[in-house]
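Remarks on the structure that follows.
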Amino acid sequence: MNLNNILQKSIVWTKAAVTGFDKVKILDFLAPLALRLYLVPVFWMAGSKKFSNFSSTAEWFGNEEWGLGLPAAPLLVFLVGFIEILGAILLLLGLGARLISVPLMFTMAIAGYLVHWKNGWLAIAEGSGIFATDRTIGAIERLEQAKSILQQYGNYDWLTENGSLVILNNGIEFAATYFIMLLTLFFIGGGRYVSLDYWLRKKYFS
């Protein structure tokens with residue numbers, strides 16, 4: 001088989017692959033739907049937790065010594081919690097998905113900077129490497145001591161039966177991931193067929 005035959009077969013295979021990918025586009029609504037459904041419980045739980053623990057959350061928002069030191073803390077807690085709950089509902093319905101992504105991205109960016117940035121990238125303290133900070137390494141050391149104590153004085157096999165023990169490092173990993181997912185929704189929208197945005201646009205703007 002000469003080079004010309006190889007090139008011709010490669011072109012045929014490439015065209016077949018492109019045609020196959022074009023046929024799969026009928027399922028492209030699954031990607032934005034998956035993003036939306038993934039984010040719904042994230043923001044619902046975040047928002048509802050703020051309202052169920054309103055006083056303590058507001059105190060943490062406003063305290064300058066051990067909190068964030070933000071002004072008008074009760075108002076900020078209300079606004080953030082409201083946006084998160086509203087965002088969860090709208091994402092579930094696929095209504096105003098692109099619009100609600102903007103304030104949700106803003107809250108993720110602020111949370112990432114004010115709360116998580118100092119802890120580095122990793123959300124869970126595990127291992128070491130280029131993403132590990134001094135805080136991460138310290139958390140890992142505490143985890144190893146906790147494991148040692150539990151192995152000596154507790155039923156360690158029962159405690160780790162469904163998974164190993166971890167320590168929350170509280171890095172920006174989750175906030176950055178949610179931000180990227182929201183950014184994607186901002187550009188592609190809520191998707192076809194299973195979002196109210198699609199049907200409203202089809203009825204009134206097509």
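Order determines the names: the first chain of the structure tokens is A, the second B, and so forth; residues in each chain are numbered 1 upward, and ligands are numbered 1 upward as they are shown.
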I'd like the neighbourhood of Arg201 in chain A as a tab-separated table (two decimals) with N, CA and C atoms, in the first residue's frame, where a residue qualifies if any of its atoms comes within 12 Å (using only C-alpha atoms), though same-chain residues fewer than 6 positions away should be ignored.
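Contents of around-v4.tsv, freshly written:
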chain	number	residue	atom	x	y	z
A	94	GLY	N	-34.40	25.43	33.32
A	94	GLY	CA	-33.80	25.89	32.08
A	94	GLY	C	-34.38	27.22	31.64
A	95	LEU	N	-34.69	28.05	32.61
A	95	LEU	CA	-35.32	29.35	32.35
A	95	LEU	C	-34.32	30.46	32.70
A	96	GLY	N	-33.98	31.27	31.71
A	96	GLY	CA	-32.99	32.34	31.95
A	96	GLY	C	-31.64	31.77	32.35
A	189	GLY	N	-26.12	28.31	26.66
A	189	GLY	CA	-27.52	28.35	27.09
A	189	GLY	C	-27.97	27.05	27.73
A	190	GLY	N	-29.26	26.97	28.01
A	190	GLY	CA	-29.81	25.82	28.72
A	190	GLY	C	-30.01	24.58	27.89
A	191	GLY	N	-29.82	24.70	26.58
A	191	GLY	CA	-29.94	23.54	25.71
A	191	GLY	C	-31.32	23.39	25.09
A	192	ARG	N	-31.41	22.47	24.16
A	192	ARG	CA	-32.67	22.25	23.44
A	192	ARG	C	-33.58	21.27	24.18
A	193	TYR	N	-34.84	21.34	23.86
A	193	TYR	CA	-35.86	20.35	24.23
A	193	TYR	C	-36.25	20.35	25.71
A	195	SER	N	-35.46	22.58	28.18
A	195	SER	CA	-35.34	23.86	28.88
A	195	SER	C	-36.46	24.78	28.43
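The gap separating CA of Glu173 in chain A from CA of Asp134 in chain A is 16.3 Å, in Å to one decimal.
The interatomic distance for the pair CA of Val42 in chain A and CA of Ile172 in chain A works out to 15.1 Å.
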Would you mind listing what lies within 9 Å of Thr107 in chain A as a PyMOL selection string, with only C-alpha atoms counted and same-chain residues fewer than 6 positions away left out? chain A and resi 80+83-84+179
Could you find all residues in range 11-93 of chain A that DSSP calls helix (DSSP H, G or I) from the backbone, and write them as a VMD selection string? chain A and resid 11 to 27 30 to 52 54 to 62 73 to 93
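Of the residues under consideration (A:Leu122, A:Ile188, A:Leu75, A:Ile140), A:Ile188 shows the shortest atom-to-atom contact distance to Phe29 in chain A when counting only C-alpha atoms.
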Got a sec: who's within 10 Å of range 56-66 of chain A, counting only C-alpha atoms, leaving out chain neighbours fewer than 5 positions off, as an mmCIF file with C-alpha atoms, in the first residue's frame?
data_model
loop_
_atom_site.group_PDB
_atom_site.id
_atom_site.type_symbol
_atom_site.label_atom_id
_atom_site.label_comp_id
_atom_site.auth_asym_id
_atom_site.auth_seq_id
_atom_site.Cartn_x
_atom_site.Cartn_y
_atom_site.Cartn_z
ATOM 1 C CA LYS A 49 -27.978 26.561 54.301
ATOM 2 C CA LYS A 50 -27.378 30.312 54.427
ATOM 3 C CA PHE A 51 -31.026 30.943 55.315
ATOM 4 C CA PRO A 71 -19.948 45.395 55.359
ATOM 5 C CA ALA A 72 -23.744 45.003 55.532
ATOM 6 C CA ALA A 73 -23.292 41.303 56.276
ATOM 7 C CA PRO A 74 -26.986 40.402 56.809
ATOM 8 C CA LEU A 75 -27.933 42.009 53.500
ATOM 9 C CA LEU A 76 -25.119 40.199 51.700
ATOM 10 C CA VAL A 77 -26.137 36.842 53.180
ATOM 11 C CA PHE A 78 -29.711 37.427 52.050
#
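Nearest-residue note for Leu37 in chain A: choosing from A:Met181, A:Gly69, A:Val24, A:Glu161, the minimum distance belongs to A:Met181, counting only C-alpha atoms.
The environment of Phe186 in chain A within 6 Å, counting only C-alpha atoms and disregarding residues fewer than 3 places along the same chain, consists of Arg98, Ser101, Leu183 and Gly189 of chain A.
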For N, CA and C atoms, I'd like the residues from the last selection saved as a short mmCIF file (atom, residue, chain, number, x, y, z; two decimals), in the first residue's frame.
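selection.cif, written as the output of this step:
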data_model
loop_
_atom_site.label_atom_id
_atom_site.label_comp_id
_atom_site.auth_asym_id
_atom_site.auth_seq_id
_atom_site.Cartn_x
_atom_site.Cartn_y
_atom_site.Cartn_z
N ARG A 98 -28.77 31.51 30.83
CA ARG A 98 -27.61 32.36 30.54
C ARG A 98 -27.59 33.57 31.46
N SER A 101 -26.62 32.72 35.10
CA SER A 101 -25.23 32.28 35.20
C SER A 101 -24.30 33.43 35.59
N LEU A 183 -19.84 29.34 33.22
CA LEU A 183 -19.35 30.06 32.05
C LEU A 183 -19.76 29.34 30.77
N GLY A 189 -26.12 28.31 26.66
CA GLY A 189 -27.52 28.35 27.09
C GLY A 189 -27.97 27.05 27.73
#
